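What follows is the content of final-v4.cif, which has mmCIF, C-alpha atoms:
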data_my_file
loop_
_atom_site.label_atom_id
_atom_site.label_comp_id
_atom_site.auth_asym_id
_atom_site.auth_seq_id
_atom_site.Cartn_x
_atom_site.Cartn_y
_atom_site.Cartn_z
CA MET D 1 -27.77 -14.37 5.11
CA THR D 2 -28.64 -12.96 1.70
CA GLN D 3 -27.11 -14.56 -1.39
CA GLU D 4 -26.13 -13.38 -4.86
CA GLN D 5 -24.30 -14.65 -7.94
CA VAL D 6 -21.97 -12.48 -10.05
CA GLU D 7 -19.54 -12.95 -12.89
CA VAL D 8 -16.54 -10.97 -11.61
CA LEU D 9 -16.05 -9.74 -8.05
CA ILE D 10 -13.37 -7.16 -7.22
CA LEU D 11 -12.27 -6.71 -3.62
CA GLY D 12 -10.63 -3.37 -2.88
CA SER D 13 -10.85 0.09 -4.41
CA GLY D 14 -7.32 1.42 -4.78
CA PRO D 15 -5.57 2.00 -8.12
CA ALA D 16 -5.37 -1.77 -8.70
CA GLY D 17 -9.04 -2.39 -8.01
CA TYR D 18 -10.33 0.51 -10.09
CA THR D 19 -8.03 -0.28 -13.02
CA ALA D 20 -9.20 -3.89 -12.94
CA ALA D 21 -12.77 -2.60 -12.86
CA ILE D 22 -12.23 -0.32 -15.87
CA TYR D 23 -10.81 -3.15 -17.98
CA ALA D 24 -13.34 -5.73 -16.80
CA ALA D 25 -16.29 -3.40 -17.38
CA ARG D 26 -15.11 -2.44 -20.87
CA ALA D 27 -14.79 -6.15 -21.66
CA GLY D 28 -18.44 -6.70 -20.72
CA LEU D 29 -17.68 -8.76 -17.62
CA THR D 30 -20.16 -6.77 -15.45
CA PRO D 31 -17.81 -6.47 -12.45
CA VAL D 32 -19.05 -5.87 -8.92
CA MET D 33 -16.67 -4.09 -6.54
CA TYR D 34 -16.69 -3.89 -2.77
CA GLN D 35 -14.60 -0.95 -1.69
CA GLY D 36 -13.28 -2.36 1.57
CA GLY D 37 -12.45 -0.71 4.86
CA GLN D 38 -10.65 2.25 3.25
CA PRO D 39 -12.53 3.26 0.09
CA GLY D 40 -10.01 4.56 -2.41
CA GLY D 41 -7.08 2.91 -0.64
CA GLN D 42 -3.96 4.55 0.77
CA LEU D 43 -4.03 7.40 -1.73
CA THR D 44 -7.01 8.88 0.09
CA ILE D 45 -4.61 9.88 2.88
CA THR D 46 -1.97 11.19 0.45
CA ASN D 47 -1.97 14.90 -0.31
CA ASP D 48 0.11 15.58 -3.41
CA VAL D 49 0.62 12.92 -6.08
CA GLU D 50 3.15 14.05 -8.67
CA ASN D 51 4.47 10.77 -10.07
CA PHE D 52 1.33 9.27 -11.60
CA PRO D 53 1.38 9.72 -15.41
CA GLY D 54 -1.24 12.00 -16.92
CA TYR D 55 -1.25 14.70 -14.24
CA PRO D 56 1.39 17.24 -15.33
CA ASP D 57 0.60 19.60 -12.45
CA GLY D 58 0.15 16.84 -9.87
CA ILE D 59 -3.10 15.96 -8.13
CA GLN D 60 -4.44 15.40 -4.64
CA GLY D 61 -4.65 11.70 -3.75
CA PRO D 62 -8.39 11.72 -2.92
CA GLU D 63 -9.14 13.63 -6.13
CA MET D 64 -7.25 11.10 -8.22
CA MET D 65 -9.15 8.21 -6.66
CA GLU D 66 -12.41 10.03 -7.36
CA ASP D 67 -11.36 10.31 -11.02
CA LEU D 68 -10.68 6.57 -11.15
CA ARG D 69 -14.01 5.81 -9.51
CA LYS D 70 -15.93 7.94 -12.02
CA GLN D 71 -14.07 6.37 -14.93
CA ALA D 72 -14.85 2.84 -13.77
CA GLU D 73 -18.52 3.65 -13.09
CA ARG D 74 -18.81 5.27 -16.51
CA PHE D 75 -18.23 1.83 -18.03
CA GLY D 76 -20.80 0.17 -15.79
CA LEU D 77 -19.00 -0.86 -12.61
CA ASP D 78 -21.41 -1.90 -9.85
CA ASN D 79 -19.60 -0.13 -7.02
CA ARG D 80 -20.61 -0.91 -3.44
CA TYR D 81 -19.63 -0.15 0.12
CA GLY D 82 -18.70 -3.17 2.20
CA MET D 83 -15.82 -5.34 3.29
CA ALA D 84 -15.01 -8.99 2.68
CA THR D 85 -15.04 -10.82 6.02
CA GLY D 86 -14.70 -14.43 4.85
CA VAL D 87 -14.05 -16.55 1.76
CA ASP D 88 -14.41 -20.11 0.47
CA PHE D 89 -12.37 -20.78 -2.66
CA SER D 90 -12.80 -24.57 -2.62
CA THR D 91 -15.15 -24.81 -5.64
CA PRO D 92 -13.99 -23.68 -9.11
CA LEU D 93 -16.21 -21.09 -10.83
CA SER D 94 -18.16 -20.83 -7.59
CA HIS D 95 -15.98 -18.80 -5.26
CA LYS D 96 -17.83 -17.64 -2.17
CA VAL D 97 -17.12 -14.32 -0.46
CA ILE D 98 -18.92 -13.10 2.65
CA ILE D 99 -19.48 -9.34 2.83
CA ASP D 100 -19.82 -7.72 6.25
CA GLU D 101 -20.73 -11.15 7.70
CA LYS D 102 -24.25 -10.90 6.27
CA HIS D 103 -24.19 -11.20 2.48
CA GLU D 104 -22.81 -14.17 0.51
CA ILE D 105 -21.64 -13.63 -3.05
CA THR D 106 -20.76 -16.46 -5.41
CA ALA D 107 -18.45 -15.37 -8.25
CA LYS D 108 -16.88 -17.13 -11.20
CA VAL D 109 -13.84 -14.86 -10.82
CA VAL D 110 -12.46 -12.96 -7.85
CA ILE D 111 -9.88 -10.21 -8.27
CA ILE D 112 -8.15 -9.38 -4.99
CA SER D 113 -6.98 -5.78 -4.69
CA THR D 114 -7.12 -5.40 -0.93
CA GLY D 115 -3.74 -3.66 -0.71
CA ALA D 116 -1.45 -3.34 2.28
CA SER D 117 -1.43 -1.01 5.25
CA ALA D 118 1.65 0.83 6.44
CA LYS D 119 2.77 0.05 9.96
CA TRP D 120 2.93 3.11 12.20
CA LEU D 121 4.54 3.88 15.52
CA GLY D 122 1.16 4.57 17.13
CA LEU D 123 1.88 8.15 18.20
CA PRO D 124 -1.05 10.60 18.24
CA SER D 125 1.17 13.31 16.76
CA GLU D 126 2.23 10.95 13.98
CA GLN D 127 -1.39 10.47 12.93
CA ARG D 128 -2.27 14.14 13.40
CA LEU D 129 0.50 15.21 11.02
CA ASN D 130 0.03 12.37 8.54
CA GLY D 131 0.19 13.94 5.10
CA MET D 132 1.53 17.17 6.57
CA GLY D 133 5.15 16.12 6.90
CA VAL D 134 4.63 12.56 8.09
CA SER D 135 4.82 9.87 5.42
CA ALA D 136 5.26 6.12 5.05
CA CYS D 137 6.65 6.32 1.50
CA ALA D 138 9.91 8.08 0.72
CA VAL D 139 9.67 7.35 -3.00
CA CYS D 140 6.19 8.90 -3.08
CA ASP D 141 6.89 12.00 -1.01
CA GLY D 142 10.64 12.53 -0.84
CA PHE D 143 10.61 15.06 -3.69
CA PHE D 144 8.69 17.55 -1.54
CA TYR D 145 11.62 17.72 0.90
CA ARG D 146 14.35 18.49 -1.60
CA GLY D 147 17.17 20.39 0.12
CA GLN D 148 15.62 19.97 3.58
CA ASP D 149 16.43 17.96 6.71
CA VAL D 150 14.35 14.84 7.35
CA ALA D 151 14.24 11.88 9.72
CA ILE D 152 13.35 8.27 9.00
CA VAL D 153 12.49 5.50 11.45
CA GLY D 154 13.44 1.90 10.74
CA ALA D 155 16.22 -0.65 10.84
CA GLY D 156 15.54 -3.02 7.94
CA ASP D 157 16.36 -3.11 4.25
CA THR D 158 13.39 -0.89 3.37
CA ALA D 159 14.44 1.79 5.85
CA CYS D 160 18.02 1.76 4.55
CA GLU D 161 16.87 1.84 0.94
CA GLU D 162 14.51 4.75 1.58
CA ALA D 163 17.12 6.62 3.63
CA HIS D 164 19.57 6.28 0.74
CA TYR D 165 16.91 7.48 -1.69
CA LEU D 166 16.19 10.51 0.52
CA SER D 167 19.90 11.29 0.81
CA LYS D 168 19.95 12.13 -2.91
CA LEU D 169 17.22 14.71 -2.43
CA CYS D 170 17.59 16.05 1.10
CA ARG D 171 20.31 18.06 2.78
CA LYS D 172 20.49 15.67 5.73
CA VAL D 173 18.78 12.39 6.65
CA THR D 174 18.70 11.22 10.26
CA MET D 175 18.00 7.53 10.73
CA LEU D 176 16.37 6.61 14.03
CA VAL D 177 17.14 2.99 14.97
CA ARG D 178 15.57 1.70 18.16
CA ARG D 179 18.14 -1.02 18.86
CA ASP D 180 21.92 -0.91 18.82
CA GLU D 181 22.13 -2.53 15.40
CA PHE D 182 20.40 -2.76 12.02
CA ARG D 183 18.20 -5.62 10.89
CA ALA D 184 19.10 -4.84 7.29
CA SER D 185 21.41 -6.87 5.09
CA VAL D 186 25.11 -6.07 5.32
CA ILE D 187 25.21 -4.45 1.89
CA MET D 188 22.36 -2.09 2.78
CA GLN D 189 23.96 -1.22 6.11
CA LYS D 190 27.20 -0.31 4.37
CA ARG D 191 25.36 1.81 1.86
CA VAL D 192 23.81 4.12 4.48
CA MET D 193 26.87 4.10 6.72
CA HIS D 194 29.03 5.35 3.85
CA THR D 195 26.62 8.07 2.72
CA PRO D 196 27.96 11.38 4.10
CA ASN D 197 24.62 13.13 4.67
CA ILE D 198 23.01 10.22 6.54
CA GLU D 199 23.38 10.31 10.31
CA ILE D 200 22.45 7.12 12.17
CA MET D 201 21.20 7.33 15.75
CA PHE D 202 21.15 3.89 17.38
CA ASN D 203 19.28 3.12 20.62
CA THR D 204 16.84 5.87 19.72
CA GLU D 205 13.05 5.85 19.85
CA THR D 206 10.61 8.53 18.77
CA VAL D 207 8.72 10.26 21.56
CA GLU D 208 6.70 12.79 19.56
CA VAL D 209 6.50 14.47 16.17
CA LEU D 210 6.35 18.22 16.71
CA GLY D 211 4.62 20.94 14.71
CA GLU D 212 1.23 22.62 14.38
CA HIS D 213 0.38 22.73 10.69
CA GLY D 214 3.37 20.69 9.53
CA VAL D 215 6.40 18.91 10.93
CA ASP D 216 9.09 21.20 12.32
CA SER D 217 11.00 18.76 14.55
CA VAL D 218 10.93 15.38 16.25
CA LYS D 219 11.55 14.57 19.90
CA VAL D 220 13.56 11.38 20.45
CA LYS D 221 14.88 9.50 23.47
CA ASN D 222 18.04 7.49 23.93
CA THR D 223 16.89 4.07 25.19
CA VAL D 224 20.11 3.57 27.19
CA SER D 225 20.62 6.94 28.87
CA GLY D 226 17.02 8.16 28.78
CA GLU D 227 18.18 11.52 27.43
CA GLU D 228 15.68 13.32 25.21
CA THR D 229 16.68 15.38 22.18
CA ILE D 230 14.76 17.54 19.72
CA ILE D 231 15.90 17.23 16.10
CA PRO D 232 14.82 19.98 13.66
CA VAL D 233 13.30 18.31 10.55
CA THR D 234 10.54 19.15 8.11
CA GLY D 235 9.81 15.58 7.07
CA PHE D 236 9.31 12.44 9.16
CA PHE D 237 9.27 9.08 7.36
CA VAL D 238 8.17 5.82 8.92
CA ALA D 239 9.74 2.72 7.33
CA ILE D 240 8.95 -0.10 9.73
CA GLY D 241 7.09 -2.24 7.23
CA HIS D 242 3.69 -2.86 5.68
CA GLU D 243 0.97 -5.34 6.56
CA PRO D 244 -0.79 -6.89 3.53
CA ASN D 245 -4.56 -7.04 3.93
CA THR D 246 -4.73 -10.73 3.13
CA GLY D 247 -5.59 -12.46 6.41
CA ILE D 248 -8.97 -13.78 5.29
CA PHE D 249 -7.37 -15.62 2.34
CA LYS D 250 -4.74 -17.59 4.27
CA ASP D 251 -6.70 -20.87 4.33
CA PHE D 252 -6.94 -20.99 0.54
CA LEU D 253 -4.19 -18.91 -1.08
CA GLU D 254 -0.44 -19.36 -0.94
CA LEU D 255 1.11 -16.47 0.98
CA ASP D 256 4.77 -15.69 1.57
CA GLU D 257 6.29 -15.36 5.03
CA ALA D 258 5.13 -11.74 5.27
CA GLY D 259 1.57 -12.50 4.20
CA TYR D 260 1.76 -11.27 0.60
CA ILE D 261 -0.17 -13.33 -1.97
CA ILE D 262 2.10 -15.41 -4.19
CA VAL D 263 1.24 -15.11 -7.88
CA GLU D 264 2.51 -16.97 -10.91
CA LYS D 265 5.47 -15.16 -12.47
CA GLY D 266 4.40 -12.79 -15.21
CA SER D 267 0.72 -12.95 -14.28
CA THR D 268 -1.73 -12.31 -11.46
CA LYS D 269 -2.80 -15.95 -11.12
CA THR D 270 -2.87 -17.39 -7.61
CA ASN D 271 -2.80 -21.08 -6.72
CA ILE D 272 -6.60 -21.14 -7.01
CA GLU D 273 -8.07 -21.10 -10.52
CA GLY D 274 -10.24 -18.07 -11.11
CA VAL D 275 -8.73 -16.06 -8.25
CA PHE D 276 -6.33 -13.28 -9.24
CA ALA D 277 -4.31 -10.90 -7.06
CA SER D 278 -3.18 -7.37 -7.93
CA GLY D 279 -1.70 -4.31 -6.28
CA ASP D 280 0.04 -4.17 -2.93
CA ALA D 281 -1.64 -7.37 -1.69
CA GLN D 282 0.91 -9.20 -3.87
CA ASP D 283 3.65 -6.60 -4.26
CA LYS D 284 6.08 -5.94 -1.41
CA ILE D 285 8.79 -4.44 -3.59
CA TYR D 286 7.46 -1.47 -5.55
CA ARG D 287 4.26 -0.42 -3.73
CA GLN D 288 3.49 2.45 -6.12
CA ALA D 289 0.13 3.59 -7.46
CA ILE D 290 1.26 3.14 -11.05
CA THR D 291 2.54 -0.42 -10.53
CA ALA D 292 -0.66 -1.29 -8.66
CA ALA D 293 -2.70 0.04 -11.58
CA GLY D 294 -0.61 -2.03 -13.97
CA THR D 295 -1.30 -5.26 -12.11
CA GLY D 296 -4.98 -4.33 -11.93
CA CYS D 297 -4.98 -4.24 -15.72
CA MET D 298 -3.20 -7.60 -15.79
CA ALA D 299 -5.73 -9.13 -13.40
CA ALA D 300 -8.69 -8.07 -15.54
CA LEU D 301 -7.05 -9.42 -18.69
CA ASP D 302 -6.16 -12.68 -16.92
CA ALA D 303 -9.76 -12.95 -15.72
CA GLU D 304 -11.16 -12.31 -19.19
CA ARG D 305 -8.97 -15.03 -20.70
CA TYR D 306 -9.83 -17.45 -17.91
CA LEU D 307 -13.57 -17.02 -18.44
CA ALA D 308 -13.16 -17.39 -22.20
CA GLU D 309 -11.33 -20.70 -21.65
CA GLN D 310 -14.17 -21.99 -19.44
CA GLU D 311 -16.66 -21.39 -22.24
#

Reformat the file's structure so that it appears as structure tokens.
Amino acid sequence: MTQEQVEVLILGSGPAGYTAAIYAARAGLTPVMYQGGQPGGQLTITNDVENFPGYPDGIQGPEMMEDLRKQAERFGLDNRYGMATGVDFSTPLSHKVIIDEKHEITAKVVIISTGASAKWLGLPSEQRLNGMGVSACAVCDGFFYRGQDVAIVGAGDTACEEAHYLSKLCRKVTMLVRRDEFRASVIMQKRVMHTPNIEIMFNTETVEVLGEHGVDSVKVKNTVSGEETIIPVTGFFVAIGHEPNTGIFKDFLELDEAGYIIVEKGSTKTNIEGVFASGDAQDKIYRQAITAAGTGCMAALDAERYLAEQE
């Protein structure tokens, strides 16, 4: 196994990782980034981004991530392909990270920006139409369906919150709930139940998302009667949760019950000195590109101050 020592190591290349890289590089910390299994993060599978400041006409997700990459590399980021497959955070100022099971890096500081992955239903049609009417983020994409009919899958607080958000934009929102009850809190259940343009279909599972070049309907099945129905919609939202990409850190970092990294309030500090967490790996509430970028900035500043204290 090859070995290497670096000052600052950044894991993940979404808005959080690249923002951390920009700040760290400008501060002269010579950061090294490994892009992870999805270079550019979730925005690389997002078509139109209209809510990130600085793009008055909107921008394609992959194009925006390319802009961030170029900006970070302009300041000297050492940007590499590869994925962290193991860590050892037991020694301060000497954090070990294994890349692709063949290269060991020792870093004084590690900034974790590995993000989270949306959970999907696993339907081929869902993946085929991803970004063409299928979305896992109502706040990100709901605007594009203003005045239209949409469906959303889910039974928890997030699904209810996103359904309520969509109800303010869309003509009608159909909630597809697989069981005969919600998993959401009572207050969230009441909110969607008392919203006139939200229809709730219990005991309903999705069979297929229909459409050639975009969503035009969804086929569902009643789990009790077996009856299948086609619902005309132009947008199909999946709100069954996210999975933080934090599994390799569980032996060293404090994680919450869902696997998100716990950070000190008002900072990006983890329970291990010199290890900082930013973006969706530590944020299960907002999950927006702009908030991820903000915590990437915080992580770089926290890292810079930490290294200055060690000197």

Quick one: apply the PyMOL selection byres ((chain D and resi 278) around 6) to the file and drop the selected residues here as a ChimeraX atom specification.
/D:113,277,279,295-296

Using only C-alpha atoms, please write the residues we just selected to a file, as a short mmCIF file (atom, residue, chain, number, x, y, z; two decimals), in the coordinates of the input.
data_model
loop_
_atom_site.label_atom_id
_atom_site.label_comp_id
_atom_site.auth_asym_id
_atom_site.auth_seq_id
_atom_site.Cartn_x
_atom_site.Cartn_y
_atom_site.Cartn_z
CA SER D 113 -6.98 -5.78 -4.69
CA ALA D 277 -4.31 -10.90 -7.06
CA GLY D 279 -1.70 -4.31 -6.28
CA THR D 295 -1.30 -5.26 -12.11
CA GLY D 296 -4.98 -4.33 -11.93
#

Using all atoms listed in the file and a cutoff of 12 Å, can you tell me which residues are near (-3.0, -4.1, -10.7) in the file's coordinates, and write them out as a compact mmCIF listing (two decimals) with C-alpha atoms, in the coordinates of the input?
# COMPACT_ATOMS: atom_id res chain seq x y z
CA ILE D 10 -13.37 -7.16 -7.22
CA LEU D 11 -12.27 -6.71 -3.62
CA GLY D 12 -10.63 -3.37 -2.88
CA SER D 13 -10.85 0.09 -4.41
CA GLY D 14 -7.32 1.42 -4.78
CA PRO D 15 -5.57 2.00 -8.12
CA ALA D 16 -5.37 -1.77 -8.70
CA GLY D 17 -9.04 -2.39 -8.01
CA TYR D 18 -10.33 0.51 -10.09
CA THR D 19 -8.03 -0.28 -13.02
CA ALA D 20 -9.20 -3.89 -12.94
CA ALA D 21 -12.77 -2.60 -12.86
CA ILE D 22 -12.23 -0.32 -15.87
CA TYR D 23 -10.81 -3.15 -17.98
CA ILE D 111 -9.88 -10.21 -8.27
CA ILE D 112 -8.15 -9.38 -4.99
CA SER D 113 -6.98 -5.78 -4.69
CA THR D 114 -7.12 -5.40 -0.93
CA GLY D 115 -3.74 -3.66 -0.71
CA SER D 267 0.72 -12.95 -14.28
CA THR D 268 -1.73 -12.31 -11.46
CA LYS D 269 -2.80 -15.95 -11.12
CA PHE D 276 -6.33 -13.28 -9.24
CA ALA D 277 -4.31 -10.90 -7.06
CA SER D 278 -3.18 -7.37 -7.93
CA GLY D 279 -1.70 -4.31 -6.28
CA ASP D 280 0.04 -4.17 -2.93
CA ALA D 281 -1.64 -7.37 -1.69
CA GLN D 282 0.91 -9.20 -3.87
CA ASP D 283 3.65 -6.60 -4.26
CA TYR D 286 7.46 -1.47 -5.55
CA ARG D 287 4.26 -0.42 -3.73
CA GLN D 288 3.49 2.45 -6.12
CA ALA D 289 0.13 3.59 -7.46
CA ILE D 290 1.26 3.14 -11.05
CA THR D 291 2.54 -0.42 -10.53
CA ALA D 292 -0.66 -1.29 -8.66
CA ALA D 293 -2.70 0.04 -11.58
CA GLY D 294 -0.61 -2.03 -13.97
CA THR D 295 -1.30 -5.26 -12.11
CA GLY D 296 -4.98 -4.33 -11.93
CA CYS D 297 -4.98 -4.24 -15.72
CA MET D 298 -3.20 -7.60 -15.79
CA ALA D 299 -5.73 -9.13 -13.40
CA ALA D 300 -8.69 -8.07 -15.54
CA LEU D 301 -7.05 -9.42 -18.69
CA ASP D 302 -6.16 -12.68 -16.92

Report, in Å to a single decimal, how far apart CA of His103 (chain D) and CA of Leu253 (chain D) are.
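Computing the Euclidean distance for CA of Leu253 (chain D) and CA of His103 (chain D) yields 21.7 Å.
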
Target residues per the PyMOL selection byres ((chain D and resi 30-43) around 6), formatted as a PyMOL selection string
chain D and resi 8-14+25+28-29+44-46+61+65+77-83

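From CA of Gln189 (chain D) back to CA of Ser217 (chain D), the distance works out to 25.3 Å.
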
If you apply the PyMOL selection byres ((chain D and resi 3) around 8) to this file, what residues do you get, as a ChimeraX atom specification?
/D:1-2,4-5,103-106

Using only C-alpha atoms, the residue out of D:Leu176, D:Ile248, D:Ile198, D:Ile285 with shortest distance to Thr229 (chain D) is D:Leu176

Figure out the distance between CA of Leu169 (chain D) and CA of Asp48 (chain D), please, to one decimal in Å.
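It comes out at 17.2 Å.
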
At a cut-off of 6 Å from (-9.9, -22.6, -9.2) in the coordinates of the file, what residues are picked up using all atoms listed in the file, written as a PyMOL selection string?
chain D and resi 92+272-274

Long-range neighbours of Tyr55 (chain D) as a PyMOL selection string, 10 Å cut-off, only C-alpha atoms, 5 positions minimum in chain
chain D and resi 49-50+64

Write out as JSON lines a residue-level contact list of region 184-273 of chain D versus region 128-131 of chain D with cut-off 8 Å: for each qualifying residue the closest pair of atoms and the distance in Å to one decimal, counting all atoms listed in the file, rows sorted by chain and residue number upward.
{"residue": "D:Val209", "atom": "CA", "partner": "D:Leu129", "partner_atom": "CA", "distance": 7.9}
{"residue": "D:Gly211", "atom": "CA", "partner": "D:Leu129", "partner_atom": "CA", "distance": 8.0}
{"residue": "D:His213", "atom": "CA", "partner": "D:Leu129", "partner_atom": "CA", "distance": 7.5}
{"residue": "D:Gly214", "atom": "CA", "partner": "D:Leu129", "partner_atom": "CA", "distance": 6.4}
{"residue": "D:Val215", "atom": "CA", "partner": "D:Leu129", "partner_atom": "CA", "distance": 7.0}

From the list D:Val218, D:Val139, D:Ala155, D:Ala107, the nearest residue to Asn51 (chain D) using only C-alpha atoms is D:Val139

Among listed residues D:Ile187, D:Ile261, D:Met132, D:Met175, nearest Glu212 (chain D) (using all atoms listed in the file)
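Of the candidates, the smallest distance to Glu212 (chain D) is held by D:Met132.
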
Among the residues D:Thr234, D:Asn245, D:Ser94, D:Thr270, the one that comes closest to Lys119 (chain D) [using all atoms listed in the file]
D:Asn245
